file input-v3.txt (compact mmCIF, C-alpha atoms)
# COMPACT_ATOMS: atom_id res chain seq x y z
CA MET D 1 11.54 20.25 -16.35
CA THR D 2 9.83 23.62 -15.84
CA SER D 3 8.23 25.56 -13.01
CA THR D 4 4.51 25.27 -12.36
CA PRO D 5 2.23 27.77 -14.13
CA SER D 6 -0.01 30.18 -12.25
CA TYR D 7 -3.33 29.02 -10.79
CA PRO D 8 -6.61 30.98 -10.81
CA ILE D 9 -7.34 30.58 -7.09
CA GLY D 10 -5.40 32.39 -4.37
CA THR D 11 -2.72 35.06 -4.23
CA PRO D 12 0.79 34.16 -5.43
CA GLY D 13 3.16 33.67 -2.50
CA ILE D 14 0.39 33.29 0.09
CA PRO D 15 -0.79 29.80 1.19
CA TRP D 16 -4.49 29.10 0.89
CA GLY D 17 -6.77 29.74 3.80
CA GLU D 18 -10.30 28.44 4.29
CA ALA D 19 -11.72 30.94 1.81
CA GLU D 20 -9.47 29.74 -1.01
CA LYS D 21 -10.16 26.09 -0.21
CA ALA D 22 -13.89 26.83 -0.25
CA ALA D 23 -13.52 28.56 -3.61
CA TRP D 24 -11.66 25.56 -4.98
CA PHE D 25 -14.36 23.18 -3.71
CA ALA D 26 -17.11 25.35 -5.22
CA ALA D 27 -15.40 25.16 -8.61
CA GLN D 28 -15.56 21.35 -8.74
CA THR D 29 -18.35 19.61 -10.65
CA VAL D 30 -19.63 16.05 -10.83
CA LYS D 31 -18.52 14.41 -14.08
CA ARG D 32 -19.47 10.76 -13.58
CA SER D 33 -21.46 8.52 -11.26
CA TYR D 34 -19.96 6.63 -8.33
CA ALA D 35 -23.29 4.84 -7.92
CA ASP D 36 -23.40 3.61 -11.52
CA GLU D 37 -19.71 2.93 -12.15
CA VAL D 38 -18.60 1.61 -8.75
CA LEU D 39 -21.44 0.79 -6.34
CA ALA D 40 -23.47 -1.11 -8.93
CA ARG D 41 -20.42 -3.21 -9.80
CA ILE D 42 -19.73 -3.89 -6.12
CA ASP D 43 -23.31 -5.11 -5.75
CA ARG D 44 -22.77 -7.61 -8.55
CA LEU D 45 -19.84 -9.07 -6.60
CA ARG D 46 -21.94 -9.92 -3.54
CA ALA D 47 -22.85 -13.35 -4.86
CA ASP D 48 -19.23 -14.53 -4.57
CA HIS D 49 -17.65 -12.16 -2.04
CA GLU D 50 -18.34 -10.59 1.34
CA VAL D 51 -19.02 -6.86 1.10
CA GLU D 52 -18.95 -4.60 4.15
CA ARG D 53 -19.30 -0.88 4.64
CA TYR D 54 -16.45 0.65 6.62
CA GLY D 55 -17.49 4.30 6.52
CA ALA D 56 -18.83 7.16 4.43
CA LEU D 57 -17.69 10.63 3.44
CA SER D 58 -19.05 13.41 5.63
CA CYS D 59 -19.76 15.67 2.65
CA ASP D 60 -22.62 13.32 1.63
CA PRO D 61 -22.75 10.02 3.57
CA GLU D 62 -25.63 8.57 1.56
CA ARG D 63 -24.01 9.29 -1.77
CA TYR D 64 -20.46 8.29 -0.78
CA PRO D 65 -20.44 5.09 1.30
CA LEU D 66 -17.09 3.29 1.55
CA PHE D 67 -16.91 -0.45 0.96
CA ALA D 68 -14.43 -3.27 1.46
CA ILE D 69 -14.74 -6.61 -0.31
CA ARG D 70 -13.43 -9.82 1.25
CA SER D 71 -12.92 -13.38 0.12
CA ARG D 72 -16.04 -15.34 1.07
CA ASP D 73 -14.11 -18.47 2.06
CA TRP D 74 -11.69 -16.57 4.30
CA SER D 75 -9.24 -18.83 6.10
CA ALA D 76 -6.85 -17.93 8.90
CA SER D 77 -4.41 -20.47 7.46
CA ARG D 78 -3.95 -18.50 4.22
CA PRO D 79 -1.80 -15.40 3.66
CA THR D 80 -3.80 -12.24 2.99
CA VAL D 81 -3.36 -9.78 0.15
CA LEU D 82 -4.63 -6.18 0.26
CA ILE D 83 -5.61 -4.36 -2.94
CA THR D 84 -6.49 -0.66 -2.87
CA GLY D 85 -7.75 1.55 -5.68
CA GLY D 86 -9.03 5.07 -6.08
CA VAL D 87 -6.88 6.61 -3.35
CA HIS D 88 -6.86 9.42 -5.88
CA GLY D 89 -10.37 9.43 -7.26
CA TYR D 90 -9.35 10.55 -10.73
CA GLU D 91 -7.22 7.44 -11.31
CA THR D 92 -9.91 5.44 -13.04
CA SER D 93 -8.09 2.22 -13.92
CA GLY D 94 -7.07 1.69 -10.31
CA VAL D 95 -10.73 1.53 -9.27
CA GLN D 96 -11.89 -0.51 -12.24
CA GLY D 97 -8.78 -2.71 -12.13
CA ALA D 98 -9.47 -3.66 -8.51
CA LEU D 99 -13.09 -4.52 -9.36
CA GLY D 100 -12.03 -6.32 -12.54
CA PHE D 101 -9.57 -8.46 -10.60
CA LEU D 102 -12.35 -9.59 -8.29
CA ARG D 103 -14.66 -10.43 -11.20
CA GLY D 104 -12.10 -12.69 -12.89
CA GLU D 105 -8.59 -13.34 -11.63
CA ALA D 106 -9.34 -13.63 -7.91
CA ALA D 107 -10.97 -17.04 -8.31
CA ARG D 108 -7.75 -18.48 -9.75
CA PHE D 109 -5.86 -17.68 -6.55
CA ALA D 110 -8.69 -18.19 -4.05
CA THR D 111 -7.38 -21.47 -2.65
CA VAL D 112 -4.03 -19.88 -1.78
CA PHE D 113 -4.76 -16.30 -0.68
CA ASN D 114 -7.37 -14.32 1.20
CA PHE D 115 -8.18 -11.07 -0.57
CA LEU D 116 -9.27 -7.79 0.99
CA VAL D 117 -10.06 -5.17 -1.65
CA LEU D 118 -10.90 -1.51 -1.07
CA PRO D 119 -11.71 -0.49 -4.64
CA CYS D 120 -12.48 3.22 -4.29
CA LEU D 121 -11.12 5.07 -1.28
CA SER D 122 -12.07 8.52 -2.60
CA PRO D 123 -15.57 8.41 -4.14
CA TRP D 124 -16.05 12.19 -4.21
CA GLY D 125 -12.75 12.41 -6.06
CA TYR D 126 -13.97 9.69 -8.42
CA GLU D 127 -17.11 11.61 -9.32
CA THR D 128 -15.37 14.98 -9.73
CA ILE D 129 -12.21 13.42 -11.26
CA ASN D 130 -9.95 14.88 -8.60
CA ARG D 131 -6.68 14.04 -6.91
CA TRP D 132 -7.68 15.90 -3.76
CA ASN D 133 -10.59 15.38 -1.40
CA PRO D 134 -13.30 18.03 -0.75
CA ARG D 135 -11.01 19.83 1.70
CA ALA D 136 -8.20 20.21 -0.86
CA VAL D 137 -6.17 17.47 0.88
CA ASP D 138 -4.27 14.74 -0.97
CA PRO D 139 -5.32 11.42 0.61
CA ASN D 140 -2.13 9.76 -0.63
CA ARG D 141 0.01 12.02 1.53
CA SER D 142 -2.21 11.50 4.56
CA PHE D 143 -1.72 7.93 5.82
CA ARG D 144 -0.35 8.99 9.18
CA PRO D 145 -1.64 9.55 12.73
CA ASP D 146 -4.13 12.43 13.05
CA SER D 147 -4.66 12.27 9.30
CA PRO D 148 -6.11 15.40 7.67
CA SER D 149 -7.91 13.13 5.16
CA GLU D 150 -11.05 11.34 6.29
CA GLU D 151 -10.58 8.91 3.39
CA ALA D 152 -7.17 7.83 4.72
CA ALA D 153 -8.36 7.87 8.34
CA ALA D 154 -11.29 5.59 7.51
CA VAL D 155 -8.97 3.05 5.89
CA MET D 156 -6.48 3.12 8.75
CA GLY D 157 -9.25 2.71 11.31
CA TYR D 158 -10.76 -0.19 9.40
CA LEU D 159 -7.44 -1.99 8.97
CA ASP D 160 -6.45 -1.42 12.60
CA ALA D 161 -9.73 -2.96 13.75
CA ALA D 162 -9.31 -5.91 11.37
CA ALA D 163 -5.81 -6.60 12.76
CA ILE D 164 -4.73 -8.55 9.66
CA ASP D 165 -1.13 -9.54 9.05
CA PHE D 166 -0.86 -8.85 5.32
CA LEU D 167 1.61 -10.63 3.09
CA ALA D 168 1.28 -8.14 0.21
CA HIS D 169 -0.34 -4.85 -0.77
CA PHE D 170 -1.05 -3.68 -4.31
CA ASP D 171 -1.97 0.02 -4.48
CA LEU D 172 -3.35 0.80 -7.95
CA HIS D 173 -2.73 4.30 -9.36
CA GLU D 174 -2.38 6.32 -12.57
CA THR D 175 -0.10 9.16 -13.68
CA THR D 176 -2.06 11.47 -15.99
CA ASP D 177 -1.44 14.62 -18.00
CA SER D 178 -3.68 16.44 -15.52
CA ASP D 179 -0.94 15.99 -12.90
CA ASN D 180 1.00 18.74 -14.67
CA ALA D 181 -1.93 20.65 -16.15
CA GLU D 182 -4.03 20.91 -12.98
CA PHE D 183 -2.88 19.24 -9.82
CA ARG D 184 0.73 20.36 -9.46
CA PRO D 185 -0.19 23.99 -10.25
CA ALA D 186 -2.98 23.74 -7.66
CA LEU D 187 -0.54 22.28 -5.13
CA ALA D 188 1.94 25.08 -5.74
CA ALA D 189 -0.81 27.66 -5.26
CA ARG D 190 -2.28 25.99 -2.17
CA ASP D 191 1.05 25.79 -0.35
CA ALA D 192 2.74 28.84 -1.93
CA VAL D 193 5.71 26.59 -2.68
CA PRO D 194 7.18 26.27 -6.21
CA HIS D 195 6.98 22.79 -7.75
CA GLU D 196 8.87 21.53 -10.75
CA ILE D 197 6.92 20.08 -13.66
CA TRP D 198 8.38 16.73 -14.74
CA ASP D 199 7.70 14.97 -18.00
CA ILE D 200 4.84 12.48 -17.57
CA PRO D 201 6.22 8.97 -18.25
CA ASP D 202 4.66 7.37 -21.34
CA GLY D 203 3.92 3.91 -20.04
CA PHE D 204 3.47 1.78 -16.96
CA TYR D 205 5.86 1.87 -14.02
CA ALA D 206 5.86 0.57 -10.46
CA VAL D 207 6.89 2.22 -7.21
CA GLY D 208 8.37 0.17 -4.39
CA ASP D 209 8.88 1.12 -0.77
CA GLY D 210 12.52 2.07 -0.34
CA ALA D 211 12.42 0.91 3.30
CA ARG D 212 11.52 -2.66 2.25
CA PRO D 213 12.61 -3.21 -1.35
CA VAL D 214 11.64 -6.47 -3.05
CA PRO D 215 13.23 -6.29 -6.52
CA ALA D 216 12.20 -9.75 -7.67
CA PHE D 217 8.57 -9.06 -6.77
CA GLN D 218 8.63 -5.74 -8.63
CA LYS D 219 10.21 -7.43 -11.65
CA ALA D 220 7.42 -9.98 -11.70
CA VAL D 221 4.89 -7.14 -11.76
CA ILE D 222 6.67 -5.42 -14.66
CA ASP D 223 7.15 -8.65 -16.63
CA SER D 224 3.44 -9.40 -16.36
CA VAL D 225 2.33 -5.90 -17.36
CA GLU D 226 4.72 -5.85 -20.30
CA LYS D 227 2.61 -8.57 -21.91
CA VAL D 228 -0.34 -6.15 -21.87
CA THR D 229 1.15 -2.71 -22.48
CA HIS D 230 4.42 -0.79 -22.72
CA ILE D 231 6.68 0.11 -19.80
CA ALA D 232 7.72 3.73 -19.25
CA PRO D 233 11.32 4.37 -20.34
CA PRO D 234 13.52 6.42 -18.01
CA VAL D 235 14.71 9.94 -18.80
CA ALA D 236 18.37 10.37 -17.83
CA GLY D 237 18.05 7.29 -15.63
CA LYS D 238 15.01 8.59 -13.78
CA ILE D 239 11.21 8.36 -13.75
CA ILE D 240 9.34 11.42 -12.35
CA GLY D 241 12.68 12.63 -11.05
CA GLU D 242 13.47 9.46 -9.08
CA PRO D 243 16.43 7.16 -9.87
CA LEU D 244 15.53 3.96 -11.66
CA GLU D 245 15.87 0.93 -9.39
CA GLN D 246 15.40 -1.46 -12.31
CA TRP D 247 13.50 -1.43 -15.61
CA GLY D 248 10.13 0.19 -14.91
CA VAL D 249 10.64 0.52 -11.14
CA ILE D 250 11.48 3.38 -8.79
CA ASN D 251 11.38 3.49 -4.98
CA TYR D 252 9.88 5.94 -2.50
CA ASP D 253 10.17 5.97 1.29
CA ALA D 254 6.46 5.38 1.85
CA GLY D 255 6.16 5.87 5.60
CA PRO D 256 7.45 9.45 6.01
CA LEU D 257 5.53 10.54 2.90
CA GLY D 258 2.23 9.24 4.26
CA LEU D 259 1.63 7.08 1.19
CA CYS D 260 -1.08 4.44 1.06
CA MET D 261 1.46 1.73 0.24
CA GLY D 262 2.91 2.35 3.70
CA VAL D 263 -0.36 1.63 5.53
CA THR D 264 0.54 -2.00 6.34
CA ARG D 265 3.64 -3.91 7.36
CA ALA D 266 3.33 -6.25 4.39
CA ARG D 267 6.61 -7.61 3.11
CA PHE D 268 5.61 -7.24 -0.55
CA VAL D 269 4.33 -3.80 -1.54
CA THR D 270 3.96 -2.05 -4.87
CA THR D 271 2.24 1.05 -6.18
CA THR D 272 1.27 0.76 -9.83
CA GLU D 273 1.26 3.73 -12.19
CA VAL D 274 -0.56 3.55 -15.53
CA TYR D 275 -0.49 6.37 -18.10
CA PRO D 276 -4.02 6.58 -19.56
CA ASP D 277 -3.24 9.58 -21.81
CA SER D 278 -0.76 7.67 -23.94
CA PRO D 279 -1.78 7.29 -27.61
CA LYS D 280 -0.67 3.65 -27.28
CA VAL D 281 -3.41 2.62 -24.83
CA THR D 282 -7.17 2.55 -24.34
CA PRO D 283 -9.11 2.69 -21.05
CA GLN D 284 -9.54 -1.09 -21.24
CA ILE D 285 -5.81 -1.66 -21.73
CA CYS D 286 -5.16 0.44 -18.62
CA ILE D 287 -7.57 -1.69 -16.60
CA GLU D 288 -5.98 -4.87 -17.95
CA ALA D 289 -2.54 -3.53 -17.01
CA GLN D 290 -3.66 -3.09 -13.40
CA ILE D 291 -5.02 -6.63 -13.32
CA ALA D 292 -1.82 -7.93 -14.92
CA ALA D 293 0.25 -6.19 -12.24
CA VAL D 294 -1.64 -7.99 -9.49
CA ARG D 295 -1.52 -11.30 -11.38
CA GLY D 296 2.25 -11.04 -11.87
CA GLY D 297 2.84 -10.17 -8.25
CA LEU D 298 0.68 -13.04 -7.03
CA ARG D 299 2.47 -15.52 -9.24
CA HIS D 300 5.74 -14.40 -7.70
CA LEU D 301 4.27 -14.85 -4.22
CA LEU D 302 3.36 -18.43 -5.11
CA THR D 303 7.07 -19.13 -5.66
CA GLU D 304 7.90 -17.50 -2.32
CA LEU D 305 5.40 -19.72 -0.52
CA ARG D 306 6.74 -23.02 -1.88
call {"tool": "encode", "arguments": {"input": "input-v3.txt", "output": "structure tokens"}}
result
Amino acid sequence: MTSTPSYPIGTPGIPWGEAEKAAWFAAQTVKRSYADEVLARIDRLRADHEVERYGALSCDPERYPLFAIRSRDWSASRPTVLITGGVHGYETSGVQGALGFLRGEAARFATVFNFLVLPCLSPWGYETINRWNPRAVDPNRSFRPDSPSEEAAAVMGYLDAAAIDFLAHFDLHETTDSDNAEFRPALAARDAVPHEIWDIPDGFYAVGDGARPVPAFQKAVIDSVEKVTHIAPPVAGKIIGEPLEQWGVINYDAGPLGLCMGVTRARFVTTTEVYPDSPKVTPQICIEAQIAAVRGGLRHLLTELR
């Protein structure tokens, strides 16, 4: 554990103002295509699913529409599962895992569950490979009233209007080397608050909501993923500085932190974390790990519903 290194934007000890945030935004560049990698794949799902637009990013509404994908044969008699990806745009396997689940696994569970999938909450972040949004705000700390993130606000507005009683929520994320190399130093500079640099866990782990722990559900997620890739070992009984709840699982108090996994009142909630920079994985393995996490959780839910 070390302190964060210096960052090229801002003055040490002084929080960023609008000028520094504008300088940060100006330094970002497009590195991949939301249209090609996400929107085109959503279009190919329209034959078997309902697709609806729930908003767009104000920085470029035509380029960054926001879509939700629903089960076509939606039934009020079935429990509903929410899957979110791309809360942080740079977390690629979360986005592609959500879409991959719909292309394959969803059909296996379609007679038991309704699915609502928001595959890419932060499309500007996806294109620029960023944790933050264009205003240097972390959407995954912004799921709260009067949210400073339009990405989070759009989701909350959409879900409030839908008024769905969710059984479960899978929020698909990654932990990457860039967390320490770029995003934590930027956070320390933006807020003028020192942040410790933790070792990035080499492997998959899951994060539960400490206010509503469901250990058996989390274990089912880990057991399923372990058939696809390795689970992150703890360091001194902790993962990213948090005490291990069980093998591969830590807990956060989602609500006060404004985390996406706290956006519903679902009984079963997990945030997945894949490590794409591990020499033991490939991009496809990371996507398969996300799908396996959902599959394992759903299989556990089937036992709960018997």
call {"tool": "residues_around", "arguments": {"input": "input-v3.txt", "residues": "D:Gln246", "least_positions_apart": "5", "cutoff": "10 Å", "atoms": "only C-alpha atoms", "output": "compact mmCIF listing (two decimals) with C-alpha atoms, in the frame of the given file"}}
result
# COMPACT_ATOMS: atom_id res chain seq x y z
CA ALA D 206 5.86 0.57 -10.46
CA PRO D 215 13.23 -6.29 -6.52
CA GLN D 218 8.63 -5.74 -8.63
CA LYS D 219 10.21 -7.43 -11.65
CA ILE D 222 6.67 -5.42 -14.66
CA PRO D 234 13.52 6.42 -18.01
CA GLY D 237 18.05 7.29 -15.63
CA ASN D 251 11.38 3.49 -4.98
call {"tool": "atom_distance", "arguments": {"input": "input-v3.txt", "atom1": "atom CA of D:Ile291", "atom2": "atom CA of D:Glu242"}}
result
24.9 Å
call {"tool": "closest_residue", "arguments": {"input": "input-v3.txt", "among": "D:Trp247, D:Phe67, D:Phe268, D:Phe170", "to": "D:Phe217", "atoms": "all atoms listed in the file"}}
result
D:Phe268
call {"tool": "closest_residue", "arguments": {"input": "input-v3.txt", "among": "D:Arg53, D:Arg70, D:Lys280, D:Arg267", "to": "D:Gly210", "atoms": "only C-alpha atoms"}}
result
D:Arg267
call {"tool": "residues_around", "arguments": {"input": "input-v3.txt", "residues": "stretch 143-148 of chain D", "least_positions_apart": "5", "cutoff": "6 Å", "atoms": "only C-alpha atoms", "output": "tab-separated table (two decimals) with C-alpha atoms, in the coordinates of the input"}}
result
chain	number	residue	atom	x	y	z
D	153	ALA	CA	-8.36	7.87	8.34
D	258	GLY	CA	2.23	9.24	4.26
D	259	LEU	CA	1.63	7.08	1.19
D	260	CYS	CA	-1.08	4.44	1.06
call {"tool": "atom_distance", "arguments": {"input": "input-v3.txt", "atom1": "atom CA of D:Ser122", "atom2": "atom CA of D:Glu50"}}
result
20.5 Å
call {"tool": "atom_distance", "arguments": {"input": "input-v3.txt", "atom1": "atom CA of D:Pro134", "atom2": "atom CA of D:Trp24"}}
result
8.8 Å
call {"tool": "closest_residue", "arguments": {"input": "input-v3.txt", "among": "D:Arg135, D:His300, D:His169, D:Arg41", "to": "D:Ala216", "atoms": "all atoms listed in the file"}}
result
D:His300
call {"tool": "closest_residue", "arguments": {"input": "input-v3.txt", "among": "D:Asp253, D:Glu151, D:Asp177, D:Asp277", "to": "D:Val207", "atoms": "all atoms listed in the file"}}
result
D:Asp253
call {"tool": "residues_around", "arguments": {"input": "input-v3.txt", "residues": "D:Ile9", "least_positions_apart": "2", "cutoff": "9 Å", "atoms": "all atoms listed in the file", "output": "count of residues only"}}
result
11
call {"tool": "closest_atom_pairs", "arguments": {"input": "input-v3.txt", "of": "stretch 144-184 of chain D", "to": "stretch 79-100 of chain D", "cutoff": "6 Å", "atoms": "only C-alpha atoms", "output": "tab-separated table"}}
result
residue	atom	partner	partner_atom	distance
D:Phe166	CA	D:Thr80	CA	5.1
D:Leu167	CA	D:Thr80	CA	5.6
D:Ala168	CA	D:Val81	CA	4.9
D:His169	CA	D:Leu82	CA	4.6
D:Phe170	CA	D:Ile83	CA	4.8
D:Asp171	CA	D:Thr84	CA	4.8
D:Leu172	CA	D:Gly94	CA	4.5
D:His173	CA	D:Gly94	CA	5.2
D:Glu174	CA	D:Glu91	CA	5.1
call {"tool": "closest_residue", "arguments": {"input": "input-v3.txt", "among": "D:Gly13, D:Pro279, D:Pro8, D:Pro123", "to": "D:Pro61", "atoms": "all atoms listed in the file"}}
result
D:Pro123
call {"tool": "closest_residue", "arguments": {"input": "input-v3.txt", "among": "D:Ala161, D:Val249, D:Val269, D:Val112", "to": "D:Ser77", "atoms": "all atoms listed in the file"}}
result
D:Val112
call {"tool": "residues_around", "arguments": {"input": "input-v3.txt", "residues": "D:Ala154", "least_positions_apart": "3", "cutoff": "8 Å", "atoms": "only C-alpha atoms", "output": "list in words"}}
result
Tyr54, Gly55, Glu150, Glu151, Gly157 and Tyr158 of chain D
call {"tool": "write_last_selection", "arguments": {"input": "input-v3.txt", "atoms": "C-alpha atoms", "output": "tab-separated table (two decimals), in the coordinates of the input"}}
result
chain	number	residue	atom	x	y	z
D	54	TYR	CA	-16.45	0.65	6.62
D	55	GLY	CA	-17.49	4.30	6.52
D	150	GLU	CA	-11.05	11.34	6.29
D	151	GLU	CA	-10.58	8.91	3.39
D	157	GLY	CA	-9.25	2.71	11.31
D	158	TYR	CA	-10.76	-0.19	9.40
call {"tool": "residues_around", "arguments": {"input": "input-v3.txt", "residues": "D:Val274", "least_positions_apart": "2", "cutoff": "7 Å", "atoms": "only C-alpha atoms", "output": "ChimeraX atom specification"}}
result
/D:173-175,203-205,272,276,286
call {"tool": "build_atoms", "arguments": {"input": "input-v3.txt", "residues": "stretch 189-212 of chain D", "atoms": "N, CA and C atoms", "output": "PDB file, in the coordinates of the input"}}
result
ATOM      1  N   ALA D 189      -0.019  26.517  -5.724  1.00  0.00           N
ATOM      2  CA  ALA D 189      -0.810  27.660  -5.260  1.00  0.00           C
ATOM      3  C   ALA D 189      -1.281  27.463  -3.832  1.00  0.00           C
ATOM      4  N   ARG D 190      -1.761  26.255  -3.518  1.00  0.00           N
ATOM      5  CA  ARG D 190      -2.280  25.990  -2.170  1.00  0.00           C
ATOM      6  C   ARG D 190      -1.226  26.218  -1.103  1.00  0.00           C
ATOM      7  N   ASP D 191      -0.011  25.735  -1.367  1.00  0.00           N
ATOM      8  CA  ASP D 191       1.050  25.790  -0.350  1.00  0.00           C
ATOM      9  C   ASP D 191       1.988  26.970  -0.518  1.00  0.00           C
ATOM     10  N   ALA D 192       1.832  27.731  -1.617  1.00  0.00           N
ATOM     11  CA  ALA D 192       2.740  28.840  -1.930  1.00  0.00           C
ATOM     12  C   ALA D 192       4.189  28.375  -1.946  1.00  0.00           C
ATOM     13  N   VAL D 193       4.387  27.190  -2.552  1.00  0.00           N
ATOM     14  CA  VAL D 193       5.710  26.590  -2.680  1.00  0.00           C
ATOM     15  C   VAL D 193       5.904  26.196  -4.140  1.00  0.00           C
ATOM     16  N   PRO D 194       6.965  26.650  -4.807  1.00  0.00           N
ATOM     17  CA  PRO D 194       7.180  26.270  -6.210  1.00  0.00           C
ATOM     18  C   PRO D 194       7.347  24.767  -6.359  1.00  0.00           C
ATOM     19  N   HIS D 195       6.813  24.213  -7.435  1.00  0.00           N
ATOM     20  CA  HIS D 195       6.980  22.790  -7.750  1.00  0.00           C
ATOM     21  C   HIS D 195       7.445  22.665  -9.192  1.00  0.00           C
ATOM     22  N   GLU D 196       8.396  21.777  -9.395  1.00  0.00           N
ATOM     23  CA  GLU D 196       8.870  21.530 -10.750  1.00  0.00           C
ATOM     24  C   GLU D 196       7.885  20.651 -11.502  1.00  0.00           C
ATOM     25  N   ILE D 197       7.741  20.893 -12.793  1.00  0.00           N
ATOM     26  CA  ILE D 197       6.920  20.080 -13.660  1.00  0.00           C
ATOM     27  C   ILE D 197       7.810  19.067 -14.375  1.00  0.00           C
ATOM     28  N   TRP D 198       7.604  17.778 -14.105  1.00  0.00           N
ATOM     29  CA  TRP D 198       8.380  16.730 -14.740  1.00  0.00           C
ATOM     30  C   TRP D 198       7.609  16.176 -15.932  1.00  0.00           C
ATOM     31  N   ASP D 199       8.347  15.645 -16.887  1.00  0.00           N
ATOM     32  CA  ASP D 199       7.700  14.970 -18.000  1.00  0.00           C
ATOM     33  C   ASP D 199       6.898  13.781 -17.475  1.00  0.00           C
ATOM     34  N   ILE D 200       5.659  13.625 -17.959  1.00  0.00           N
ATOM     35  CA  ILE D 200       4.840  12.480 -17.570  1.00  0.00           C
ATOM     36  C   ILE D 200       5.367  11.247 -18.304  1.00  0.00           C
ATOM     37  N   PRO D 201       5.698  10.176 -17.583  1.00  0.00           N
ATOM     38  CA  PRO D 201       6.220   8.970 -18.250  1.00  0.00           C
ATOM     39  C   PRO D 201       5.172   8.354 -19.169  1.00  0.00           C
ATOM     40  N   ASP D 202       5.573   8.020 -20.391  1.00  0.00           N
ATOM     41  CA  ASP D 202       4.660   7.370 -21.340  1.00  0.00           C
ATOM     42  C   ASP D 202       4.763   5.865 -21.159  1.00  0.00           C
ATOM     43  N   GLY D 203       3.931   5.344 -20.279  1.00  0.00           N
ATOM     44  CA  GLY D 203       3.920   3.910 -20.040  1.00  0.00           C
ATOM     45  C   GLY D 203       3.705   3.573 -18.588  1.00  0.00           C
ATOM     46  N   PHE D 204       3.676   2.298 -18.320  1.00  0.00           N
ATOM     47  CA  PHE D 204       3.470   1.780 -16.960  1.00  0.00           C
ATOM     48  C   PHE D 204       4.785   1.791 -16.195  1.00  0.00           C
ATOM     49  N   TYR D 205       4.716   2.090 -14.899  1.00  0.00           N
ATOM     50  CA  TYR D 205       5.860   1.870 -14.020  1.00  0.00           C
ATOM     51  C   TYR D 205       5.348   1.514 -12.630  1.00  0.00           C
ATOM     52  N   ALA D 206       6.218   0.983 -11.819  1.00  0.00           N
ATOM     53  CA  ALA D 206       5.860   0.570 -10.460  1.00  0.00           C
ATOM     54  C   ALA D 206       6.736   1.317  -9.469  1.00  0.00           C
ATOM     55  N   VAL D 207       6.179   1.537  -8.287  1.00  0.00           N
ATOM     56  CA  VAL D 207       6.890   2.220  -7.210  1.00  0.00           C
ATOM     57  C   VAL D 207       6.968   1.277  -6.013  1.00  0.00           C
ATOM     58  N   GLY D 208       8.174   0.978  -5.579  1.00  0.00           N
ATOM     59  CA  GLY D 208       8.370   0.170  -4.390  1.00  0.00           C
ATOM     60  C   GLY D 208       8.642   1.034  -3.174  1.00  0.00           C
ATOM     61  N   ASP D 209       8.563   0.431  -2.013  1.00  0.00           N
ATOM     62  CA  ASP D 209       8.880   1.120  -0.770  1.00  0.00           C
ATOM     63  C   ASP D 209      10.381   0.985  -0.516  1.00  0.00           C
ATOM     64  N   GLY D 210      11.084   2.108  -0.518  1.00  0.00           N
ATOM     65  CA  GLY D 210      12.520   2.070  -0.340  1.00  0.00           C
ATOM     66  C   GLY D 210      12.966   1.483   0.988  1.00  0.00           C
ATOM     67  N   ALA D 211      12.075   1.474   1.995  1.00  0.00           N
ATOM     68  CA  ALA D 211      12.420   0.910   3.300  1.00  0.00           C
ATOM     69  C   ALA D 211      12.320  -0.608   3.320  1.00  0.00           C
ATOM     70  N   ARG D 212      11.658  -1.191   2.312  1.00  0.00           N
ATOM     71  CA  ARG D 212      11.520  -2.660   2.250  1.00  0.00           C
ATOM     72  C   ARG D 212      11.485  -3.094   0.780  1.00  0.00           C
TER      73      ARG D 212
END
